[in-house]
>>> print(open('protein19.csv').read())   # CSV, C-alpha atoms
chain,number,residue,atom,x,y,z
A,191,MET,CA,-27.0,-29.3,-2.5
A,192,ASP,CA,-24.6,-26.5,-2.8
A,193,PRO,CA,-21.8,-25.3,-0.5
A,194,LYS,CA,-24.0,-22.7,1.2
A,195,ASN,CA,-26.4,-25.5,2.2
A,196,PHE,CA,-23.5,-27.6,3.5
A,197,MET,CA,-22.2,-24.7,5.6
A,198,THR,CA,-25.8,-23.9,6.8
A,199,GLU,CA,-26.1,-27.5,8.1
A,200,ALA,CA,-22.7,-27.3,9.8
A,201,VAL,CA,-23.7,-24.0,11.5
A,202,ARG,CA,-27.1,-25.6,12.5
A,203,LEU,CA,-25.2,-28.5,14.2
A,204,ALA,CA,-22.9,-26.0,15.9
A,205,THR,CA,-25.8,-23.9,17.2
A,206,GLU,CA,-27.6,-27.1,18.4
A,207,SER,CA,-24.5,-28.1,20.4
A,208,VAL,CA,-24.4,-24.7,22.1
A,209,MET,CA,-28.2,-24.6,22.8
A,210,ASN,CA,-28.1,-28.1,24.3
A,211,GLY,CA,-25.0,-27.4,26.4
A,212,TRP,CA,-23.1,-30.2,24.7
A,213,GLY,CA,-20.1,-28.0,23.8
A,214,GLY,CA,-18.7,-25.1,21.8
A,215,PRO,CA,-20.1,-23.7,18.6
A,216,PHE,CA,-18.5,-26.2,16.2
A,217,GLY,CA,-20.5,-28.3,13.8
A,218,THR,CA,-19.2,-30.3,10.8
A,219,VAL,CA,-20.5,-32.1,7.7
A,220,ILE,CA,-18.6,-34.4,5.4
A,221,VAL,CA,-19.7,-34.4,1.8
A,222,LYS,CA,-19.0,-37.1,-0.9
A,223,ASP,CA,-20.4,-36.9,-4.4
A,224,GLY,CA,-22.6,-34.0,-3.5
A,225,ASP,CA,-24.3,-35.6,-0.5
A,226,ILE,CA,-23.8,-35.2,3.2
A,227,ILE,CA,-22.5,-38.6,4.4
A,228,ALA,CA,-21.7,-37.7,8.0
A,229,ARG,CA,-22.4,-35.0,10.6
A,230,GLY,CA,-20.6,-34.1,13.8
A,231,GLN,CA,-20.8,-31.5,16.5
A,232,ASN,CA,-18.8,-30.5,19.5
A,233,ARG,CA,-19.8,-32.7,22.4
A,234,VAL,CA,-16.9,-32.0,24.8
A,235,LEU,CA,-19.2,-30.8,27.6
A,236,LEU,CA,-21.6,-33.7,27.0
A,237,THR,CA,-19.0,-36.4,27.2
A,238,GLY,CA,-16.0,-34.9,29.0
A,239,ASP,CA,-13.9,-36.1,26.1
A,240,PRO,CA,-11.5,-33.3,24.9
A,241,THR,CA,-11.3,-35.0,21.5
A,242,ALA,CA,-15.1,-34.8,20.9
A,243,HIS,CA,-14.8,-32.0,18.4
A,244,GLY,CA,-17.2,-31.7,15.5
A,245,GLU,CA,-14.6,-32.5,12.9
A,246,VAL,CA,-13.4,-35.7,14.7
A,247,GLU,CA,-16.9,-36.8,15.4
A,248,ALA,CA,-17.9,-36.4,11.7
A,249,ILE,CA,-14.7,-38.2,10.5
A,250,ARG,CA,-15.5,-41.2,12.8
A,251,LYS,CA,-19.1,-41.3,11.5
A,252,ALA,CA,-18.0,-41.1,7.9
A,253,ILE,CA,-15.7,-44.0,8.3
A,254,GLN,CA,-18.5,-46.0,9.9
A,255,ILE,CA,-20.9,-45.1,7.0
A,256,LEU,CA,-18.3,-46.0,4.3
A,257,ASN,CA,-17.2,-49.3,6.0
A,258,PRO,CA,-20.1,-51.7,6.4
A,259,TRP,CA,-17.7,-54.0,8.3
A,260,ALA,CA,-16.7,-51.4,10.9
A,261,PRO,CA,-15.7,-51.4,13.7
A,262,SER,CA,-13.9,-54.6,12.8
A,263,ILE,CA,-12.6,-54.8,9.3
A,264,SER,CA,-11.0,-58.2,8.6
A,265,GLU,CA,-8.0,-58.5,6.3
A,266,GLU,CA,-10.3,-59.9,3.6
A,267,TYR,CA,-12.3,-56.7,3.5
A,268,GLN,CA,-9.5,-54.2,3.7
A,269,ASN,CA,-9.5,-53.6,0.0
A,270,GLU,CA,-13.3,-53.1,-0.1
A,271,SER,CA,-13.3,-50.3,2.5
A,272,THR,CA,-11.7,-46.9,3.2
A,273,LEU,CA,-8.5,-49.0,3.7
A,274,THR,CA,-8.4,-49.8,-0.1
A,275,LEU,CA,-4.8,-49.0,-1.2
A,276,VAL,CA,-4.6,-46.1,-3.7
A,277,PRO,CA,-1.5,-44.7,-5.5
A,278,ARG,CA,0.4,-41.9,-4.0
A,279,PRO,CA,-0.8,-38.5,-5.4
A,280,GLU,CA,1.6,-36.9,-7.9
A,281,GLY,CA,4.1,-34.6,-6.1
A,282,SER,CA,3.4,-36.2,-2.7
A,283,PRO,CA,6.4,-36.4,-0.3
A,284,ASP,CA,5.1,-39.8,0.9
A,285,PRO,CA,7.8,-42.4,0.6
A,286,LEU,CA,5.3,-45.2,0.0
A,287,PRO,CA,3.8,-45.8,-3.5
A,288,ARG,CA,0.4,-46.7,-2.1
A,289,ARG,CA,-1.6,-46.0,1.1
A,290,ALA,CA,-5.2,-46.5,2.2
A,291,GLY,CA,-7.6,-44.1,0.6
A,292,MET,CA,-9.5,-43.2,3.7
A,293,LEU,CA,-11.8,-40.3,2.9
A,294,LEU,CA,-10.3,-39.3,-0.4
A,295,GLY,CA,-13.0,-37.7,-2.5
A,296,CYS,CA,-14.7,-36.0,0.5
A,297,SER,CA,-15.0,-32.4,1.5
A,298,LEU,CA,-15.5,-31.1,5.0
A,299,TYR,CA,-17.6,-28.1,6.0
A,300,THR,CA,-17.2,-26.7,9.5
A,301,SER,CA,-18.5,-23.7,11.4
A,302,GLY,CA,-15.1,-22.6,12.6
A,303,ALA,CA,-11.5,-23.0,11.5
A,304,PRO,CA,-10.2,-26.4,12.6
A,305,CYS,CA,-7.9,-26.6,15.7
A,306,PRO,CA,-4.6,-28.4,15.3
A,307,MET,CA,-6.0,-31.7,16.5
A,308,CYS,CA,-8.8,-31.6,14.0
A,309,MET,CA,-6.5,-30.5,11.2
A,310,SER,CA,-4.3,-33.5,12.0
A,311,ALA,CA,-7.3,-35.8,11.8
A,312,ILE,CA,-8.3,-34.2,8.5
A,313,TYR,CA,-4.8,-34.8,7.1
A,314,TRP,CA,-4.7,-38.4,8.3
A,315,SER,CA,-8.1,-39.1,6.8
A,316,ARG,CA,-7.0,-37.6,3.4
A,317,ILE,CA,-10.1,-35.4,3.0
A,318,ASP,CA,-9.7,-33.4,-0.2
A,319,SER,CA,-10.9,-30.0,0.9
A,320,VAL,CA,-11.9,-28.0,4.0
A,321,TYR,CA,-14.3,-25.1,4.1
A,322,PHE,CA,-14.9,-23.1,7.3
A,323,GLY,CA,-17.2,-20.3,8.4
A,324,SER,CA,-15.4,-18.4,11.2
A,325,ASP,CA,-11.6,-17.9,11.0
A,326,LEU,CA,-9.0,-18.4,13.8
A,327,GLU,CA,-9.2,-14.7,14.9
A,328,ALA,CA,-13.0,-14.9,15.3
A,329,THR,CA,-12.6,-18.2,17.2
A,330,ARG,CA,-10.0,-16.7,19.5
A,331,LYS,CA,-12.3,-13.8,20.3
A,332,ILE,CA,-14.9,-16.2,21.7
A,333,GLY,CA,-12.3,-17.9,24.0
A,334,PHE,CA,-11.0,-20.7,21.8
A,335,ASP,CA,-7.4,-19.8,21.1
A,336,ASP,CA,-5.2,-22.4,19.4
A,337,ALA,CA,-2.4,-20.2,18.4
A,338,PHE,CA,-0.2,-21.3,21.2
A,339,GLN,CA,-0.4,-24.9,20.0
A,340,TYR,CA,0.7,-24.0,16.5
A,341,GLU,CA,3.6,-22.0,18.0
A,342,ASP,CA,4.6,-24.7,20.5
A,343,PHE,CA,4.8,-27.4,17.7
A,344,GLN,CA,7.5,-25.4,16.1
A,345,LYS,CA,9.8,-25.4,19.2
A,346,PRO,CA,12.4,-28.1,19.9
A,347,LEU,CA,11.0,-30.8,22.1
A,348,ASP,CA,12.9,-29.7,25.2
A,349,GLN,CA,11.3,-26.2,25.0
A,350,ARG,CA,7.7,-27.2,24.6
A,351,LYS,CA,5.0,-26.4,27.2
A,352,ILE,CA,4.3,-30.1,27.8
A,353,ARG,CA,7.3,-32.3,28.8
A,354,ILE,CA,8.0,-34.5,25.8
A,355,GLU,CA,11.1,-36.7,25.5
A,356,GLN,CA,12.2,-39.9,24.0
A,357,ILE,CA,12.9,-42.8,26.5
A,358,TYR,CA,13.8,-46.4,25.9
A,359,PRO,CA,14.0,-46.3,22.1
A,360,GLU,CA,15.0,-50.0,22.1
A,361,LEU,CA,11.6,-50.9,23.5
A,362,GLY,CA,9.8,-48.7,20.9
A,363,ALA,CA,11.9,-50.4,18.2
A,364,GLN,CA,10.3,-53.8,19.1
A,365,ALA,CA,6.9,-52.6,18.0
A,366,TYR,CA,8.3,-51.0,14.9
A,367,ALA,CA,10.1,-54.2,14.0
A,368,ALA,CA,6.8,-56.2,14.4
A,369,TRP,CA,5.2,-53.9,11.9
A,370,THR,CA,8.1,-54.0,9.5
A,371,ASP,CA,8.5,-57.7,9.7
A,372,ARG,CA,4.8,-58.5,9.2
A,373,PRO,CA,4.6,-59.6,5.5
A,374,ASN,CA,1.1,-58.3,4.9
A,375,HIS,CA,1.1,-55.0,6.8
A,376,HIS,CA,-1.3,-52.6,5.3
A,377,PRO,CA,-0.1,-49.0,5.0
A,378,TYR,CA,-2.6,-46.4,6.0
>>> encode(input="protein19.csv", output="structure tokens")
Amino acid sequence: MDPKNFMTEAVRLATESVMNGWGGPFGTVIVKDGDIIARGQNRVLLTGDPTAHGEVEAIRKAIQILNPWAPSISEEYQNESTLTLVPRPEGSPDPLPRRAGMLLGCSLYTSGAPCPMCMSAIYWSRIDSVYFGSDLEATRKIGFDDAFQYEDFQKPLDQRKIRIEQIYPELGAQAYAAWTDRPNHHPY
């Protein structure tokens, strides 16, 4: 298949979501080695889950497809899954020499430019490339405006729209110590 076919499928999924009343016009496919391995579509209205965006749904499905042991990967299978440790890419600011590969080698095609939540999921999943049909301005025109989120993230914590503050850092440090002290923690 070629990129136009992948985008056509993403748009088909988006349109299906709208026609069925499941959610907004957002559909996604994830491609590995020239094949679609996962599909996702916006299902916010179907589920009431504000995180049920097409990109997140597709990422979750891709992980399930690539991990035959999901949803419970034991330590013995971590290195035979998307959790396999791979070297840090050249020029990466990552302080660790290796991390889980996740969805390295995959591309994502989506009907509209990803929102901040979806972009974060894309970064965390280490997808190589993202291709979108409609840009942020077109998305804003149909009532999905994420610009305020991008702007809010740049403000100091005490100036953000949602109250966000650090409390009881000594308690948070206990969980961090548990991770740091675990001899076989698996960086992802």
>>> atom_distance(input="protein19.csv", atom1="atom CA of Thr370 of chain A", atom2="atom CA of Arg288 of chain A")
15.7 Å
>>> atom_distance(input="protein19.csv", atom1="atom CA of Arg372 of chain A", atom2="atom CA of Pro258 of chain A")
26.0 Å
>>> closest_residue(input="protein19.csv", among="A:Met292, A:Ile312, A:Leu236, A:Ile220", to="Lys251 of chain A", atoms="only C-alpha atoms")
A:Ile220
>>> atom_distance(input="protein19.csv", atom1="atom CA of Asp336 of chain A", atom2="atom CA of Lys222 of chain A")
28.6 Å
>>> closest_residue(input="protein19.csv", among="A:Ser271, A:Thr300, A:Gly213, A:Ile357", to="Thr237 of chain A", atoms="all atoms listed in the file")
A:Gly213
>>> residues_near_point(input="protein19.csv", point="(-6.3, -53.4, 0.8)", cutoff="12 Å", atoms="all atoms listed in the file", output="compact mmCIF listing (two decimals) with C-alpha atoms, in the coordinates of the input")
# COMPACT_ATOMS: atom_id res chain seq x y z
CA ILE A 263 -12.60 -54.80 9.30
CA SER A 264 -11.00 -58.20 8.60
CA GLU A 265 -8.00 -58.50 6.30
CA GLU A 266 -10.30 -59.90 3.60
CA TYR A 267 -12.30 -56.70 3.50
CA GLN A 268 -9.50 -54.20 3.70
CA ASN A 269 -9.50 -53.60 0.00
CA GLU A 270 -13.30 -53.10 -0.10
CA SER A 271 -13.30 -50.30 2.50
CA THR A 272 -11.70 -46.90 3.20
CA LEU A 273 -8.50 -49.00 3.70
CA THR A 274 -8.40 -49.80 -0.10
CA LEU A 275 -4.80 -49.00 -1.20
CA VAL A 276 -4.60 -46.10 -3.70
CA PRO A 277 -1.50 -44.70 -5.50
CA ARG A 288 0.40 -46.70 -2.10
CA ARG A 289 -1.60 -46.00 1.10
CA ALA A 290 -5.20 -46.50 2.20
CA GLY A 291 -7.60 -44.10 0.60
CA MET A 292 -9.50 -43.20 3.70
CA ASN A 374 1.10 -58.30 4.90
CA HIS A 375 1.10 -55.00 6.80
CA HIS A 376 -1.30 -52.60 5.30
CA PRO A 377 -0.10 -49.00 5.00
CA TYR A 378 -2.60 -46.40 6.00
>>> residues_around(input="protein19.csv", residues="Trp212 of chain A", least_positions_apart="4", cutoff="7 Å", atoms="all atoms listed in the file", output="list in words")
Ser207, Val208, Asn232, Arg233, Val234, Leu235 and Leu236 of chain A
>>> closest_residue(input="protein19.csv", among="A:Pro359, A:Gly295, A:Gly302, A:Gly244", to="Ile332 of chain A", atoms="all atoms listed in the file")
A:Gly302
>>> residues_around(input="protein19.csv", residues="Asp335 of chain A", least_positions_apart="6", cutoff="10 Å", atoms="all atoms listed in the file", output="PyMOL selection string")
chain A and resi 305+326-329
>>> closest_residue(input="protein19.csv", among="A:Thr198, A:Val246, A:Glu355, A:Arg350", to="Tyr313 of chain A", atoms="all atoms listed in the file")
A:Val246
>>> closest_residue(input="protein19.csv", among="A:Ile249, A:Leu286, A:Met191, A:Val201", to="Trp314 of chain A", atoms="all atoms listed in the file")
A:Ile249
>>> closest_residue(input="protein19.csv", among="A:Ser301, A:Asn195, A:Ser315, A:Ser262", to="Gln231 of chain A", atoms="all atoms listed in the file")
A:Ser301
>>> residues_near_point(input="protein19.csv", point="(0.0, -22.0, 22.2)", cutoff="12 Å", atoms="only C-alpha atoms", output="MDAnalysis selection string")
chainID A and resid 305:306 330 334:345 350:352
>>> write_last_selection(input="protein19.csv", atoms="C-alpha atoms", output="CSV table (one decimal), in the frame of the given file")
chain,number,residue,atom,x,y,z
A,305,CYS,CA,-7.9,-26.6,15.7
A,306,PRO,CA,-4.6,-28.4,15.3
A,330,ARG,CA,-10.0,-16.7,19.5
A,334,PHE,CA,-11.0,-20.7,21.8
A,335,ASP,CA,-7.4,-19.8,21.1
A,336,ASP,CA,-5.2,-22.4,19.4
A,337,ALA,CA,-2.4,-20.2,18.4
A,338,PHE,CA,-0.2,-21.3,21.2
A,339,GLN,CA,-0.4,-24.9,20.0
A,340,TYR,CA,0.7,-24.0,16.5
A,341,GLU,CA,3.6,-22.0,18.0
A,342,ASP,CA,4.6,-24.7,20.5
A,343,PHE,CA,4.8,-27.4,17.7
A,344,GLN,CA,7.5,-25.4,16.1
A,345,LYS,CA,9.8,-25.4,19.2
A,350,ARG,CA,7.7,-27.2,24.6
A,351,LYS,CA,5.0,-26.4,27.2
A,352,ILE,CA,4.3,-30.1,27.8
>>> decode(input="protein19.csv", residues="segment 325-340 of chain A", atoms="N, CA, C and O atoms", output="tab-separated table (two decimals), in the first residue's frame")
chain	number	residue	atom	x	y	z
A	325	ASP	N	-5.06	20.27	8.88
A	325	ASP	CA	-4.15	20.93	9.81
A	325	ASP	C	-4.90	21.51	11.01
A	325	ASP	O	-6.13	21.42	11.11
A	326	LEU	N	-4.15	22.12	11.93
A	326	LEU	CA	-4.73	22.67	13.16
A	326	LEU	C	-5.76	23.76	12.87
A	326	LEU	O	-6.77	23.86	13.56
A	327	GLU	N	-5.52	24.58	11.87
A	327	GLU	CA	-6.47	25.64	11.54
A	327	GLU	C	-7.79	25.05	11.04
A	327	GLU	O	-8.86	25.50	11.46
A	328	ALA	N	-7.74	24.05	10.18
A	328	ALA	CA	-8.97	23.40	9.71
A	328	ALA	C	-9.69	22.73	10.88
A	328	ALA	O	-10.93	22.74	10.95
A	329	THR	N	-8.93	22.16	11.78
A	329	THR	CA	-9.51	21.49	12.95
A	329	THR	C	-10.18	22.51	13.86
A	329	THR	O	-11.28	22.28	14.38
A	330	ARG	N	-9.55	23.66	14.03
A	330	ARG	CA	-10.14	24.73	14.84
A	330	ARG	C	-11.46	25.20	14.24
A	330	ARG	O	-12.43	25.43	14.95
A	331	LYS	N	-11.51	25.31	12.93
A	331	LYS	CA	-12.71	25.81	12.27
A	331	LYS	C	-13.93	24.92	12.47
A	331	LYS	O	-15.06	25.38	12.36
A	332	ILE	N	-13.72	23.63	12.75
A	332	ILE	CA	-14.87	22.76	12.98
A	332	ILE	C	-15.15	22.57	14.47
A	332	ILE	O	-15.94	21.72	14.87
A	333	GLY	N	-14.49	23.37	15.31
A	333	GLY	CA	-14.81	23.38	16.73
A	333	GLY	C	-13.88	22.63	17.65
A	333	GLY	O	-14.16	22.48	18.83
A	334	PHE	N	-12.76	22.16	17.14
A	334	PHE	CA	-11.78	21.45	17.96
A	334	PHE	C	-10.50	22.30	18.01
A	334	PHE	O	-9.64	22.17	17.16
A	335	ASP	N	-10.43	23.19	19.00
A	335	ASP	CA	-9.31	24.13	19.08
A	335	ASP	C	-8.40	23.76	20.24
A	335	ASP	O	-8.78	23.89	21.41
A	336	ASP	N	-7.20	23.31	19.92
A	336	ASP	CA	-6.24	22.90	20.94
A	336	ASP	C	-5.17	23.95	21.20
A	336	ASP	O	-4.28	23.73	22.02
A	337	ALA	N	-5.25	25.09	20.52
A	337	ALA	CA	-4.21	26.10	20.65
A	337	ALA	C	-4.01	26.54	22.11
A	337	ALA	O	-2.88	26.72	22.56
A	338	PHE	N	-5.11	26.67	22.86
A	338	PHE	CA	-4.99	27.13	24.24
A	338	PHE	C	-4.15	26.16	25.08
A	338	PHE	O	-3.45	26.58	26.00
A	339	GLN	N	-4.21	24.86	24.76
A	339	GLN	CA	-3.42	23.90	25.51
A	339	GLN	C	-1.93	24.08	25.23
A	339	GLN	O	-1.11	24.09	26.16
A	340	TYR	N	-1.58	24.23	23.96
A	340	TYR	CA	-0.18	24.46	23.62
A	340	TYR	C	0.32	25.72	24.31
A	340	TYR	O	1.45	25.76	24.81
